[in-house]
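Source file: work.cif; contents: mmCIF, C-alpha atoms and all ligand atoms.
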```
data_upload
loop_
_atom_site.label_atom_id
_atom_site.label_comp_id
_atom_site.auth_asym_id
_atom_site.auth_seq_id
_atom_site.Cartn_x
_atom_site.Cartn_y
_atom_site.Cartn_z
CA MET R 80 37.24 96.21 91.41
CA ILE R 81 40.84 97.27 91.77
CA THR R 82 43.49 94.68 91.00
CA ILE R 83 46.51 95.04 93.24
CA ILE R 84 49.60 93.06 92.45
CA GLU R 85 52.34 93.04 95.01
CA GLY R 86 55.18 90.76 95.92
CA SER R 87 54.99 88.30 98.74
CA MET R 88 57.89 87.64 101.09
CA ILE R 89 57.31 83.91 100.74
CA LEU R 90 58.27 82.21 97.50
CA THR R 91 56.12 79.30 96.41
CA ALA R 92 58.65 78.04 93.84
CA PRO R 93 62.43 77.78 94.19
CA ALA R 94 64.45 80.90 93.40
CA ARG R 95 67.80 81.19 91.68
CA ILE R 96 69.79 84.11 93.00
CA GLY R 97 73.02 85.56 91.63
CA ILE R 98 75.12 87.65 94.00
CA VAL R 99 77.91 89.89 92.75
CA ALA R 100 80.15 90.93 95.64
CA SER R 101 83.16 93.22 95.44
CA ARG R 102 86.49 92.53 97.15
CA PHE R 103 87.19 96.23 97.66
CA ASN R 104 86.32 97.16 101.27
CA HIS R 105 85.83 93.43 101.86
CA PHE R 106 85.62 93.92 105.63
CA ILE R 107 82.30 95.69 105.00
CA VAL R 108 81.18 93.65 102.00
CA ASP R 109 81.74 90.33 103.81
CA ALA R 110 79.28 91.52 106.46
CA LEU R 111 76.77 92.51 103.79
CA GLU R 112 77.19 89.08 102.19
CA SER R 113 76.61 87.30 105.51
CA GLY R 114 73.47 89.31 106.14
CA CYS R 115 72.26 88.66 102.60
CA LEU R 116 72.83 84.89 102.78
CA ASP R 117 71.21 84.67 106.21
CA ALA R 118 68.09 86.50 104.99
CA LEU R 119 67.88 84.47 101.77
CA ARG R 120 68.10 81.19 103.69
CA ARG R 121 65.53 82.32 106.23
CA HIS R 122 63.18 83.15 103.36
CA GLY R 123 63.55 79.61 102.07
CA VAL R 124 66.16 80.04 99.33
CA LYS R 125 68.33 76.92 99.13
CA ASP R 126 72.11 77.13 98.96
CA ASP R 127 72.16 75.30 95.62
CA GLY R 128 70.05 78.14 94.22
CA ILE R 129 72.68 80.74 95.12
CA THR R 130 75.73 81.65 93.00
CA ILE R 131 78.27 84.23 94.16
CA ALA R 132 80.59 86.02 91.71
CA ARG R 133 83.38 88.12 93.18
CA VAL R 134 84.65 91.23 91.40
CA PRO R 135 87.57 93.53 92.25
CA GLY R 136 85.52 96.66 92.94
CA ALA R 137 82.18 98.37 92.42
CA PHE R 138 83.36 99.73 89.07
CA GLU R 139 83.57 96.16 87.73
CA MET R 140 80.11 95.13 88.94
CA PRO R 141 77.93 96.20 86.00
CA VAL R 142 79.52 93.95 83.35
CA VAL R 143 79.25 90.88 85.59
CA VAL R 144 75.73 91.69 86.77
CA GLN R 145 74.65 92.29 83.16
CA LYS R 146 76.07 88.93 82.02
CA MET R 147 74.47 87.04 84.91
CA ALA R 148 71.13 88.77 84.39
CA ALA R 149 71.17 88.09 80.63
CA SER R 150 72.10 84.42 81.11
CA GLY R 151 68.58 83.32 82.00
CA LYS R 152 70.01 81.41 84.96
CA TYR R 153 68.89 83.79 87.69
CA ASP R 154 65.56 85.15 88.91
CA ALA R 155 67.34 88.14 90.47
CA VAL R 156 70.88 89.44 90.81
CA ILE R 157 72.00 91.17 94.00
CA ALA R 158 74.99 93.53 93.90
CA LEU R 159 76.85 93.91 97.20
CA GLY R 160 79.60 96.46 97.61
CA ALA R 161 80.79 99.52 99.48
CA VAL R 162 81.96 102.75 97.93
CA ILE R 163 83.42 105.04 100.57
CA ARG R 164 84.13 108.69 99.83
CA GLY R 165 87.75 109.78 99.96
CA SER R 166 89.41 113.14 99.46
CA THR R 167 89.25 113.06 95.63
CA PRO R 168 86.40 112.84 93.07
CA HIS R 169 87.17 109.12 92.59
CA PHE R 170 84.12 108.17 94.69
CA ASP R 171 81.73 109.94 92.32
CA HIS R 172 83.10 108.12 89.28
CA VAL R 173 83.01 104.67 90.90
CA ALA R 174 79.60 105.12 92.53
CA GLY R 175 78.10 106.69 89.39
CA VAL R 176 79.36 104.03 86.99
CA CYS R 177 78.23 101.31 89.36
CA SER R 178 74.71 102.59 89.99
CA ARG R 179 74.03 103.56 86.36
CA GLY R 180 75.41 100.24 85.12
CA LEU R 181 73.32 98.20 87.52
CA ALA R 182 70.17 100.12 86.57
CA SER R 183 70.94 99.52 82.88
CA ALA R 184 71.48 95.80 83.47
CA ALA R 185 68.01 95.55 85.00
CA SER R 186 66.29 97.53 82.26
CA ASP R 187 68.21 95.74 79.47
CA THR R 188 67.38 92.26 80.73
CA GLY R 189 64.11 92.55 82.65
CA VAL R 190 65.76 90.71 85.52
CA PRO R 191 65.59 92.51 88.87
CA VAL R 192 68.96 93.84 89.95
CA ILE R 193 69.10 94.77 93.60
CA PHE R 194 71.32 97.66 94.65
CA GLY R 195 73.02 96.46 97.81
CA VAL R 196 75.95 98.80 97.31
CA LEU R 197 76.67 101.22 100.12
CA THR R 198 77.63 104.71 98.95
CA VAL R 199 78.76 106.49 102.09
CA ASP R 200 80.94 109.33 103.32
CA SER R 201 82.88 107.40 105.95
CA ILE R 202 83.89 103.95 107.13
CA GLU R 203 81.77 104.57 110.23
CA GLN R 204 78.66 105.02 108.06
CA ALA R 205 79.53 101.82 106.21
CA ILE R 206 79.90 99.85 109.46
CA GLU R 207 76.55 101.20 110.67
CA ARG R 208 74.89 99.74 107.56
CA ALA R 209 76.74 96.43 107.57
CA GLY R 210 75.12 94.81 110.57
CA THR R 211 75.25 97.40 113.35
CA LYS R 212 73.00 100.31 114.27
CA ALA R 213 71.50 100.97 110.84
CA GLY R 214 70.78 97.31 110.12
CA ASN R 215 72.34 95.24 107.36
CA LYS R 216 71.81 96.46 103.81
CA GLY R 217 72.78 93.02 102.51
CA ALA R 218 69.84 91.49 104.36
CA GLU R 219 67.57 94.25 103.05
CA ALA R 220 68.78 93.52 99.52
CA ALA R 221 67.90 89.85 99.97
CA VAL R 222 64.36 90.67 101.08
CA THR R 223 63.97 93.10 98.19
CA ALA R 224 65.07 90.36 95.77
CA ILE R 225 62.45 87.97 97.19
CA GLU R 226 59.74 90.60 96.86
CA MET R 227 60.71 91.45 93.28
CA ILE R 228 60.85 87.81 92.20
CA SER R 229 57.42 87.23 93.69
CA LEU R 230 56.03 90.42 92.13
CA LEU R 231 57.34 89.59 88.65
CA ARG R 232 55.93 86.08 88.89
CA GLY R 233 52.52 87.61 89.58
CA LEU R 234 52.44 90.07 86.66
N1 LIG R 301 85.86 100.26 94.66
C1 LIG R 301 84.91 100.03 95.57
O1 LIG R 301 84.19 99.03 95.47
N2 LIG R 301 84.73 100.89 96.62
C2 LIG R 301 85.49 102.01 96.77
O2 LIG R 301 85.30 102.74 97.77
C3 LIG R 301 86.49 102.28 95.81
N3 LIG R 301 87.32 103.45 95.95
O3 LIG R 301 87.02 104.32 96.78
O4 LIG R 301 88.33 103.60 95.27
C4 LIG R 301 86.67 101.37 94.75
N4 LIG R 301 87.62 101.57 93.83
C5 LIG R 301 88.07 100.55 92.93
C6 LIG R 301 87.22 100.47 91.67
O5 LIG R 301 85.94 99.94 91.93
C7 LIG R 301 87.89 99.57 90.62
O6 LIG R 301 88.01 98.26 91.13
C8 LIG R 301 89.27 100.07 90.19
O7 LIG R 301 89.24 101.44 89.85
C9 LIG R 301 89.79 99.27 88.98
O8 LIG R 301 88.92 99.45 87.86
#
```

Just give me the structure as structure tokens.
Ligand code: INI
Amino acid sequence: MITIIEGSMILTAPARIGIVASRFNHFIVDALESGCLDALRRHGVKDDGITIARVPGAFEMPVVVQKMAASGKYDAVIALGAVIRGSTPHFDHVAGVCSRGLASAASDTGVPVIFGVLTVDSIEQAIERAGTKAGNKGAEAAVTAIEMISLLRGL
């Protein structure tokens, strides 16, 4: 018989969620945060189980995510940000440091870190992914966090 373990979208025990949200491009990130909170609440996560840490930009996310993940206080940490390409290589440095750092935080701690950071070529692409025609990546990050918490609880 094959054993299949997969996450449920319904948590049977309370979840503690850390959110790290960047202030840079806050017009976009605020919309991601709203979508994320809405989805968490509609999946049964209580407000007193949610902690939000704000950082200046995506470059600063890894150190805060790593500390939250290592603290033992959170079942998952969700990173919400928006890195928008400009006319210089700055984008590649910020997006690369952010994504590599978040992946390291997850593998170092064993706590799921959810990548709700938009890396896009234009503000229009960011708006599309922050609650308009391409959905809300913050809400998707919330659902991914729920699934990962459930999956890890079942392993
Ligand atoms: N930070 C972002 O979160 N998104 C961006 O698009 C961005 N760009 O393009 O510059 C950005 N830069 C700031 C960076 O994250 C740091 O806060 C800053 O360099 C100070 O370390």

| field | All residues having an atom within 12 Å of ligand LIG 301 (chain R) (all atoms listed in the file) as a PyMOL selection string | value | chain R and resi 99-108+133-142+158-178+195-202+205

| remark: Among R:Lys152, R:Lys146, R:His122, R:Arg179, R:Ala221 is approached most closely, using only C-alpha atoms, by R:His122

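Minimum atom-to-atom distances from R:Ala110, R:Asp127, R:Val192, R:Leu116 to R:Gln145 were compared using only C-alpha atoms, and the lowest value belongs to R:Val192.
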
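Closest approach to R:Glu226 among R:Leu181, R:Arg121, R:Ile89, R:Thr82: R:Ile89, based on all atoms listed in the file.
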
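You can rank R:Ala185, R:Val143, R:Ile84, R:Ala148 by their closest distance to R:Leu230 using all atoms listed in the file, and at the top of that list sits R:Ile84.
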
| Using all atoms listed in the file, which of the listed residues (R:Asp154, R:Asp109, R:Asp126, R:Glu207) sits closest to R:Ala224? | R:Asp154

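Relative to atom CA of R:Leu234, atom CA of R:Glu219 is found at 22.7 Å.
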
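Distances here use only C-alpha atoms; by that measure, the residue among R:Ala92, R:Ala132, R:Ile83, R:Ala184 closest to R:Ala149 is R:Ala184.
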
| query | Please, which residues are within 12 Å of (71.2, 78.1, 94.6) by the file's coordinates, counting all atoms listed in the file, and could they come as number ranges by chain? | reply | R: 93-98, 116, 119-120, 123-131, 152-156

| remark: Taken to one decimal, the atom CA of R:Met227-atom CA of R:Leu111 distance is 19.2 Å

Your completed stretch 186-200 of chain R with N, CA, C and O atoms, as an mmCIF file, in the frame of the given file:
```cif
data_model
loop_
_atom_site.group_PDB
_atom_site.id
_atom_site.type_symbol
_atom_site.label_atom_id
_atom_site.label_comp_id
_atom_site.auth_asym_id
_atom_site.auth_seq_id
_atom_site.Cartn_x
_atom_site.Cartn_y
_atom_site.Cartn_z
ATOM 1 N N SER R 186 67.230 97.138 83.330
ATOM 2 C CA SER R 186 66.290 97.530 82.260
ATOM 3 C C SER R 186 66.602 96.801 80.957
ATOM 4 O O SER R 186 65.697 96.471 80.200
ATOM 5 N N ASP R 187 67.858 96.480 80.704
ATOM 6 C CA ASP R 187 68.210 95.740 79.470
ATOM 7 C C ASP R 187 67.690 94.312 79.488
ATOM 8 O O ASP R 187 67.376 93.742 78.446
ATOM 9 N N THR R 188 67.665 93.701 80.656
ATOM 10 C CA THR R 188 67.380 92.260 80.730
ATOM 11 C C THR R 188 65.991 91.935 81.275
ATOM 12 O O THR R 188 65.514 90.813 81.088
ATOM 13 N N GLY R 189 65.388 92.859 82.002
ATOM 14 C CA GLY R 189 64.110 92.550 82.650
ATOM 15 C C GLY R 189 64.265 91.711 83.908
ATOM 16 O O GLY R 189 63.271 91.299 84.518
ATOM 17 N N VAL R 190 65.511 91.474 84.293
ATOM 18 C CA VAL R 190 65.760 90.710 85.520
ATOM 19 C C VAL R 190 66.006 91.716 86.649
ATOM 20 O O VAL R 190 66.795 92.656 86.478
ATOM 21 N N PRO R 191 65.345 91.550 87.796
ATOM 22 C CA PRO R 191 65.590 92.510 88.870
ATOM 23 C C PRO R 191 67.036 92.491 89.351
ATOM 24 O O PRO R 191 67.590 91.430 89.612
ATOM 25 N N VAL R 192 67.607 93.673 89.408
ATOM 26 C CA VAL R 192 68.960 93.840 89.950
ATOM 27 C C VAL R 192 68.805 94.652 91.227
ATOM 28 O O VAL R 192 68.204 95.734 91.217
ATOM 29 N N ILE R 193 69.306 94.126 92.301
ATOM 30 C CA ILE R 193 69.100 94.770 93.600
ATOM 31 C C ILE R 193 70.368 95.508 94.000
ATOM 32 O O ILE R 193 71.463 94.940 93.996
ATOM 33 N N PHE R 194 70.183 96.766 94.380
ATOM 34 C CA PHE R 194 71.320 97.660 94.650
ATOM 35 C C PHE R 194 71.706 97.578 96.128
ATOM 36 O O PHE R 194 71.260 98.371 96.947
ATOM 37 N N GLY R 195 72.533 96.601 96.433
ATOM 38 C CA GLY R 195 73.020 96.460 97.810
ATOM 39 C C GLY R 195 74.428 97.028 97.940
ATOM 40 O O GLY R 195 75.295 96.431 98.577
ATOM 41 N N VAL R 196 74.632 98.162 97.289
ATOM 42 C CA VAL R 196 75.950 98.800 97.310
ATOM 43 C C VAL R 196 75.869 100.037 98.199
ATOM 44 O O VAL R 196 75.096 100.959 97.916
ATOM 45 N N LEU R 197 76.650 100.045 99.257
ATOM 46 C CA LEU R 197 76.670 101.220 100.120
ATOM 47 C C LEU R 197 77.434 102.335 99.417
ATOM 48 O O LEU R 197 78.497 102.090 98.831
ATOM 49 N N THR R 198 76.903 103.537 99.445
ATOM 50 C CA THR R 198 77.630 104.710 98.950
ATOM 51 C C THR R 198 77.624 105.707 100.118
ATOM 52 O O THR R 198 76.605 106.335 100.390
ATOM 53 N N VAL R 199 78.740 105.779 100.799
ATOM 54 C CA VAL R 199 78.760 106.490 102.090
ATOM 55 C C VAL R 199 79.967 107.421 102.177
ATOM 56 O O VAL R 199 80.923 107.312 101.413
ATOM 57 N N ASP R 200 79.879 108.330 103.147
ATOM 58 C CA ASP R 200 80.940 109.330 103.320
ATOM 59 C C ASP R 200 82.075 108.845 104.206
ATOM 60 O O ASP R 200 83.145 109.462 104.209
#
```
